[in-house]
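Chemist: Supplied structure: run-v2.txt, compact mmCIF, N, CA and C atoms.
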# COMPACT_ATOMS: atom_id res chain seq x y z
N MET A 159 0.83 -1.20 0.00
CA MET A 159 0.00 0.00 0.00
C MET A 159 0.87 1.25 0.00
N ASN A 160 1.99 1.22 0.69
CA ASN A 160 2.90 2.37 0.71
C ASN A 160 3.43 2.68 -0.69
N ASN A 161 3.71 1.63 -1.46
CA ASN A 161 4.19 1.84 -2.82
C ASN A 161 3.17 2.58 -3.67
N PHE A 162 1.90 2.23 -3.50
CA PHE A 162 0.84 2.88 -4.25
C PHE A 162 0.72 4.35 -3.86
N ILE A 163 0.75 4.64 -2.59
CA ILE A 163 0.66 6.03 -2.11
C ILE A 163 1.85 6.84 -2.62
N GLN A 164 3.03 6.25 -2.57
CA GLN A 164 4.22 6.94 -3.08
C GLN A 164 4.10 7.19 -4.58
N TYR A 165 3.55 6.23 -5.29
CA TYR A 165 3.35 6.38 -6.73
C TYR A 165 2.42 7.57 -7.01
N ILE A 166 1.32 7.68 -6.28
CA ILE A 166 0.38 8.79 -6.45
C ILE A 166 1.07 10.12 -6.14
N LYS A 167 1.83 10.17 -5.06
CA LYS A 167 2.55 11.40 -4.70
C LYS A 167 3.54 11.78 -5.79
N ASP A 168 4.30 10.81 -6.27
CA ASP A 168 5.28 11.07 -7.32
C ASP A 168 4.59 11.53 -8.61
N SER A 169 3.45 10.95 -8.91
CA SER A 169 2.72 11.34 -10.11
C SER A 169 2.27 12.79 -10.04
N PHE A 170 1.71 13.19 -8.90
CA PHE A 170 1.28 14.57 -8.74
C PHE A 170 2.47 15.53 -8.80
N GLU A 171 3.58 15.14 -8.21
CA GLU A 171 4.77 15.98 -8.24
C GLU A 171 5.26 16.16 -9.68
N GLU A 172 5.27 15.08 -10.44
CA GLU A 172 5.70 15.17 -11.83
C GLU A 172 4.75 16.04 -12.65
N LEU A 173 3.46 15.89 -12.42
CA LEU A 173 2.50 16.72 -13.14
C LEU A 173 2.67 18.19 -12.83
N ASN A 174 3.03 18.52 -11.61
CA ASN A 174 3.17 19.91 -11.20
C ASN A 174 4.51 20.52 -11.56
N THR A 175 5.56 19.72 -11.64
CA THR A 175 6.90 20.29 -11.83
C THR A 175 7.50 20.00 -13.20
N ASN A 176 7.23 18.86 -13.79
CA ASN A 176 7.92 18.45 -15.00
C ASN A 176 7.09 18.59 -16.28
N MET A 177 5.81 18.88 -16.15
CA MET A 177 4.94 18.97 -17.32
C MET A 177 4.86 20.41 -17.80
N THR A 178 4.74 20.58 -19.11
CA THR A 178 4.50 21.89 -19.70
C THR A 178 3.05 21.91 -20.15
N TRP A 179 2.27 22.77 -19.53
CA TRP A 179 0.85 22.85 -19.82
C TRP A 179 0.57 23.99 -20.78
N ILE A 180 -0.43 23.81 -21.65
CA ILE A 180 -0.81 24.90 -22.54
C ILE A 180 -1.60 25.94 -21.73
N SER A 181 -1.70 27.14 -22.29
CA SER A 181 -2.42 28.20 -21.58
C SER A 181 -3.91 27.91 -21.56
N ARG A 182 -4.59 28.57 -20.65
CA ARG A 182 -6.04 28.38 -20.52
C ARG A 182 -6.75 28.80 -21.81
N GLU A 183 -6.30 29.91 -22.40
CA GLU A 183 -6.92 30.40 -23.63
C GLU A 183 -6.75 29.40 -24.78
N GLU A 184 -5.54 28.84 -24.88
CA GLU A 184 -5.29 27.86 -25.93
C GLU A 184 -6.12 26.60 -25.72
N ALA A 185 -6.28 26.20 -24.49
CA ALA A 185 -7.11 25.03 -24.17
C ALA A 185 -8.57 25.28 -24.54
N GLN A 186 -9.05 26.49 -24.28
CA GLN A 186 -10.44 26.83 -24.62
C GLN A 186 -10.63 26.85 -26.13
N LYS A 187 -9.67 27.41 -26.85
CA LYS A 187 -9.77 27.44 -28.32
C LYS A 187 -9.76 26.03 -28.89
N SER A 188 -8.89 25.19 -28.36
CA SER A 188 -8.82 23.80 -28.83
C SER A 188 -10.12 23.06 -28.54
N THR A 189 -10.70 23.33 -27.39
CA THR A 189 -11.96 22.68 -27.02
C THR A 189 -13.07 23.10 -27.98
N VAL A 190 -13.12 24.37 -28.32
CA VAL A 190 -14.14 24.85 -29.26
C VAL A 190 -13.95 24.21 -30.63
N VAL A 191 -12.71 24.13 -31.10
CA VAL A 191 -12.44 23.51 -32.40
C VAL A 191 -12.88 22.05 -32.40
N VAL A 192 -12.55 21.33 -31.36
CA VAL A 192 -12.94 19.92 -31.27
C VAL A 192 -14.46 19.78 -31.22
N ALA A 193 -15.12 20.64 -30.46
CA ALA A 193 -16.59 20.58 -30.36
C ALA A 193 -17.24 20.86 -31.72
N VAL A 194 -16.74 21.86 -32.43
CA VAL A 194 -17.32 22.21 -33.73
C VAL A 194 -17.14 21.06 -34.72
N PHE A 195 -15.93 20.51 -34.79
CA PHE A 195 -15.71 19.40 -35.72
C PHE A 195 -16.49 18.16 -35.32
N THR A 196 -16.71 17.95 -34.04
CA THR A 196 -17.52 16.82 -33.60
C THR A 196 -18.96 16.98 -34.07
N ILE A 197 -19.49 18.18 -33.94
CA ILE A 197 -20.86 18.45 -34.40
C ILE A 197 -20.97 18.30 -35.91
N ILE A 198 -19.99 18.84 -36.64
CA ILE A 198 -20.01 18.72 -38.10
C ILE A 198 -19.94 17.25 -38.52
N PHE A 199 -19.08 16.49 -37.87
CA PHE A 199 -18.95 15.06 -38.19
C PHE A 199 -20.24 14.31 -37.88
N ALA A 200 -20.86 14.63 -36.74
CA ALA A 200 -22.12 13.97 -36.37
C ALA A 200 -23.21 14.30 -37.38
N LEU A 201 -23.27 15.53 -37.84
CA LEU A 201 -24.27 15.90 -38.85
C LEU A 201 -24.00 15.19 -40.17
N ALA A 202 -22.74 15.08 -40.56
CA ALA A 202 -22.40 14.37 -41.79
C ALA A 202 -22.80 12.90 -41.70
N VAL A 203 -22.54 12.27 -40.57
CA VAL A 203 -22.93 10.87 -40.39
C VAL A 203 -24.46 10.74 -40.42
N ALA A 204 -25.17 11.68 -39.82
CA ALA A 204 -26.63 11.63 -39.83
C ALA A 204 -27.17 11.76 -41.25
N VAL A 205 -26.58 12.65 -42.05
CA VAL A 205 -27.03 12.82 -43.44
C VAL A 205 -26.76 11.56 -44.24
N ILE A 206 -25.57 11.00 -44.09
CA ILE A 206 -25.24 9.77 -44.81
C ILE A 206 -26.17 8.63 -44.39
N ASP A 207 -26.46 8.54 -43.11
CA ASP A 207 -27.37 7.52 -42.61
C ASP A 207 -28.76 7.69 -43.22
N LYS A 208 -29.22 8.93 -43.28
CA LYS A 208 -30.55 9.20 -43.86
C LYS A 208 -30.59 8.83 -45.33
N VAL A 209 -29.51 9.13 -46.07
CA VAL A 209 -29.45 8.79 -47.49
C VAL A 209 -29.50 7.27 -47.66
N PHE A 210 -28.72 6.55 -46.90
CA PHE A 210 -28.73 5.09 -47.00
C PHE A 210 -30.08 4.51 -46.58
N GLN A 211 -30.67 5.07 -45.55
CA GLN A 211 -31.98 4.59 -45.08
C GLN A 211 -33.03 4.78 -46.17
N THR A 212 -33.04 5.95 -46.78
CA THR A 212 -33.99 6.23 -47.85
C THR A 212 -33.74 5.31 -49.05
N GLY A 213 -32.47 5.14 -49.40
CA GLY A 213 -32.14 4.26 -50.52
C GLY A 213 -32.56 2.82 -50.26
N LEU A 214 -32.31 2.32 -49.06
CA LEU A 214 -32.70 0.95 -48.74
C LEU A 214 -34.22 0.80 -48.68
N ASP A 215 -34.90 1.80 -48.14
CA ASP A 215 -36.38 1.74 -48.11
C ASP A 215 -36.93 1.67 -49.52
N ASN A 216 -36.41 2.48 -50.41
CA ASN A 216 -36.88 2.46 -51.80
C ASN A 216 -36.52 1.15 -52.48
N PHE A 217 -35.34 0.62 -52.20
CA PHE A 217 -34.92 -0.65 -52.79
C PHE A 217 -35.86 -1.78 -52.36
N PHE A 218 -36.21 -1.84 -51.08
CA PHE A 218 -37.06 -2.94 -50.61
C PHE A 218 -38.52 -2.75 -50.99
N LYS A 219 -38.94 -1.53 -51.34
CA LYS A 219 -40.31 -1.33 -51.84
C LYS A 219 -40.48 -1.94 -53.21
N ILE A 220 -39.37 -2.06 -53.94
CA ILE A 220 -39.44 -2.67 -55.28
C ILE A 220 -39.85 -4.12 -55.18
N PHE A 221 -39.42 -4.80 -54.16
CA PHE A 221 -39.71 -6.23 -54.00
C PHE A 221 -40.90 -6.37 -53.16
Can you present the structure in this file as structure tokens?
Modeler:
Amino acid sequence: MNNFIQYIKDSFEELNTNMTWISREEAQKSTVVVAVFTIIFALAVAVIDKVFQTGLDNFFKIF
């Protein structure tokens, strides 16, 4: 158990002293970019799904 606690302490120390973090503003901009592209991708998938659904519905109406 002591090894685990030491590992957690060492991890926090490394995160605080040895890591280079991006600025808050840069993190916010990156988050917005990711959110926008996620929404665009989700809409594209929804449109493609609707096209395939319509195509398959029409195909099976033939039979």
Chemist: Just to confirm, what's the straight-line distance from atom N of A:Ile197 to atom C of A:Ala185 in Å (one decimal)?
Modeler: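 Computing it gives 16.1 Å between the two atoms.
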Chemist: Grab the atom N of A:Ile206 to atom CA of A:Phe221 distance for me, in Å with one decimal place.
Modeler: 24.4 Å
Chemist: So what do you get for atom CA of A:Val194 versus atom N of A:Lys208, distance-wise?
Modeler: 20.2 Å
Chemist: Hey, can I get the axis-aligned box for stretch 194-211 of chain A? All listed atoms, 4 Å padding on each side, centre and edge lengths in Å to one decimal, as AutoDock Vina command-line options.
Modeler:
--center_x -24.4 --center_y 13.4 --center_z -40.0 --size_x 25.3 --size_y 25.7 --size_z 23.2
Chemist: Add whatever atoms are absent from stretch 169-190 of chain A to reach N, CA, C and O atoms, and provide the output as an mmCIF file, keeping the file's coordinate frame.
Modeler:
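Printed below is result.cif as written:
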data_model
loop_
_atom_site.group_PDB
_atom_site.id
_atom_site.type_symbol
_atom_site.label_atom_id
_atom_site.label_comp_id
_atom_site.auth_asym_id
_atom_site.auth_seq_id
_atom_site.Cartn_x
_atom_site.Cartn_y
_atom_site.Cartn_z
ATOM 1 N N SER A 169 3.450 10.950 -8.910
ATOM 2 C CA SER A 169 2.720 11.340 -10.110
ATOM 3 C C SER A 169 2.270 12.790 -10.040
ATOM 4 O O SER A 169 2.425 13.549 -11.003
ATOM 5 N N PHE A 170 1.710 13.190 -8.900
ATOM 6 C CA PHE A 170 1.280 14.570 -8.740
ATOM 7 C C PHE A 170 2.470 15.530 -8.800
ATOM 8 O O PHE A 170 2.395 16.604 -9.388
ATOM 9 N N GLU A 171 3.580 15.140 -8.210
ATOM 10 C CA GLU A 171 4.770 15.980 -8.240
ATOM 11 C C GLU A 171 5.260 16.160 -9.680
ATOM 12 O O GLU A 171 5.609 17.267 -10.101
ATOM 13 N N GLU A 172 5.270 15.080 -10.440
ATOM 14 C CA GLU A 172 5.700 15.170 -11.830
ATOM 15 C C GLU A 172 4.750 16.040 -12.650
ATOM 16 O O GLU A 172 5.191 16.842 -13.475
ATOM 17 N N LEU A 173 3.460 15.890 -12.420
ATOM 18 C CA LEU A 173 2.500 16.720 -13.140
ATOM 19 C C LEU A 173 2.670 18.190 -12.830
ATOM 20 O O LEU A 173 2.468 19.053 -13.686
ATOM 21 N N ASN A 174 3.030 18.520 -11.610
ATOM 22 C CA ASN A 174 3.170 19.910 -11.200
ATOM 23 C C ASN A 174 4.510 20.520 -11.560
ATOM 24 O O ASN A 174 4.615 21.731 -11.763
ATOM 25 N N THR A 175 5.560 19.720 -11.640
ATOM 26 C CA THR A 175 6.900 20.290 -11.830
ATOM 27 C C THR A 175 7.500 20.000 -13.200
ATOM 28 O O THR A 175 8.235 20.835 -13.727
ATOM 29 N N ASN A 176 7.230 18.860 -13.790
ATOM 30 C CA ASN A 176 7.920 18.450 -15.000
ATOM 31 C C ASN A 176 7.090 18.590 -16.280
ATOM 32 O O ASN A 176 7.625 18.427 -17.357
ATOM 33 N N MET A 177 5.810 18.880 -16.150
ATOM 34 C CA MET A 177 4.940 18.970 -17.320
ATOM 35 C C MET A 177 4.860 20.410 -17.800
ATOM 36 O O MET A 177 4.895 21.351 -17.009
ATOM 37 N N THR A 178 4.740 20.580 -19.110
ATOM 38 C CA THR A 178 4.500 21.890 -19.700
ATOM 39 C C THR A 178 3.050 21.910 -20.150
ATOM 40 O O THR A 178 2.640 21.138 -21.014
ATOM 41 N N TRP A 179 2.270 22.770 -19.530
ATOM 42 C CA TRP A 179 0.850 22.850 -19.820
ATOM 43 C C TRP A 179 0.570 23.990 -20.780
ATOM 44 O O TRP A 179 1.226 25.022 -20.748
ATOM 45 N N ILE A 180 -0.430 23.810 -21.650
ATOM 46 C CA ILE A 180 -0.810 24.900 -22.540
ATOM 47 C C ILE A 180 -1.600 25.940 -21.730
ATOM 48 O O ILE A 180 -2.100 25.649 -20.641
ATOM 49 N N SER A 181 -1.700 27.140 -22.290
ATOM 50 C CA SER A 181 -2.420 28.200 -21.580
ATOM 51 C C SER A 181 -3.910 27.910 -21.560
ATOM 52 O O SER A 181 -4.432 27.115 -22.351
ATOM 53 N N ARG A 182 -4.590 28.570 -20.650
ATOM 54 C CA ARG A 182 -6.040 28.380 -20.520
ATOM 55 C C ARG A 182 -6.750 28.800 -21.810
ATOM 56 O O ARG A 182 -7.692 28.139 -22.255
ATOM 57 N N GLU A 183 -6.300 29.910 -22.400
ATOM 58 C CA GLU A 183 -6.920 30.400 -23.630
ATOM 59 C C GLU A 183 -6.750 29.400 -24.780
ATOM 60 O O GLU A 183 -7.675 29.146 -25.547
ATOM 61 N N GLU A 184 -5.540 28.840 -24.880
ATOM 62 C CA GLU A 184 -5.290 27.860 -25.930
ATOM 63 C C GLU A 184 -6.120 26.600 -25.720
ATOM 64 O O GLU A 184 -6.635 26.009 -26.672
ATOM 65 N N ALA A 185 -6.280 26.200 -24.490
ATOM 66 C CA ALA A 185 -7.110 25.030 -24.170
ATOM 67 C C ALA A 185 -8.570 25.280 -24.540
ATOM 68 O O ALA A 185 -9.244 24.405 -25.087
ATOM 69 N N GLN A 186 -9.050 26.490 -24.280
ATOM 70 C CA GLN A 186 -10.440 26.830 -24.620
ATOM 71 C C GLN A 186 -10.630 26.850 -26.130
ATOM 72 O O GLN A 186 -11.634 26.338 -26.640
ATOM 73 N N LYS A 187 -9.670 27.410 -26.850
ATOM 74 C CA LYS A 187 -9.770 27.440 -28.320
ATOM 75 C C LYS A 187 -9.760 26.030 -28.890
ATOM 76 O O LYS A 187 -10.547 25.708 -29.784
ATOM 77 N N SER A 188 -8.890 25.190 -28.360
ATOM 78 C CA SER A 188 -8.820 23.800 -28.830
ATOM 79 C C SER A 188 -10.120 23.060 -28.540
ATOM 80 O O SER A 188 -10.593 22.276 -29.372
ATOM 81 N N THR A 189 -10.700 23.330 -27.390
ATOM 82 C CA THR A 189 -11.960 22.680 -27.020
ATOM 83 C C THR A 189 -13.070 23.100 -27.980
ATOM 84 O O THR A 189 -13.874 22.256 -28.414
ATOM 85 N N VAL A 190 -13.120 24.370 -28.320
ATOM 86 C CA VAL A 190 -14.140 24.850 -29.260
ATOM 87 C C VAL A 190 -13.950 24.210 -30.630
ATOM 88 O O VAL A 190 -14.918 23.765 -31.252
#
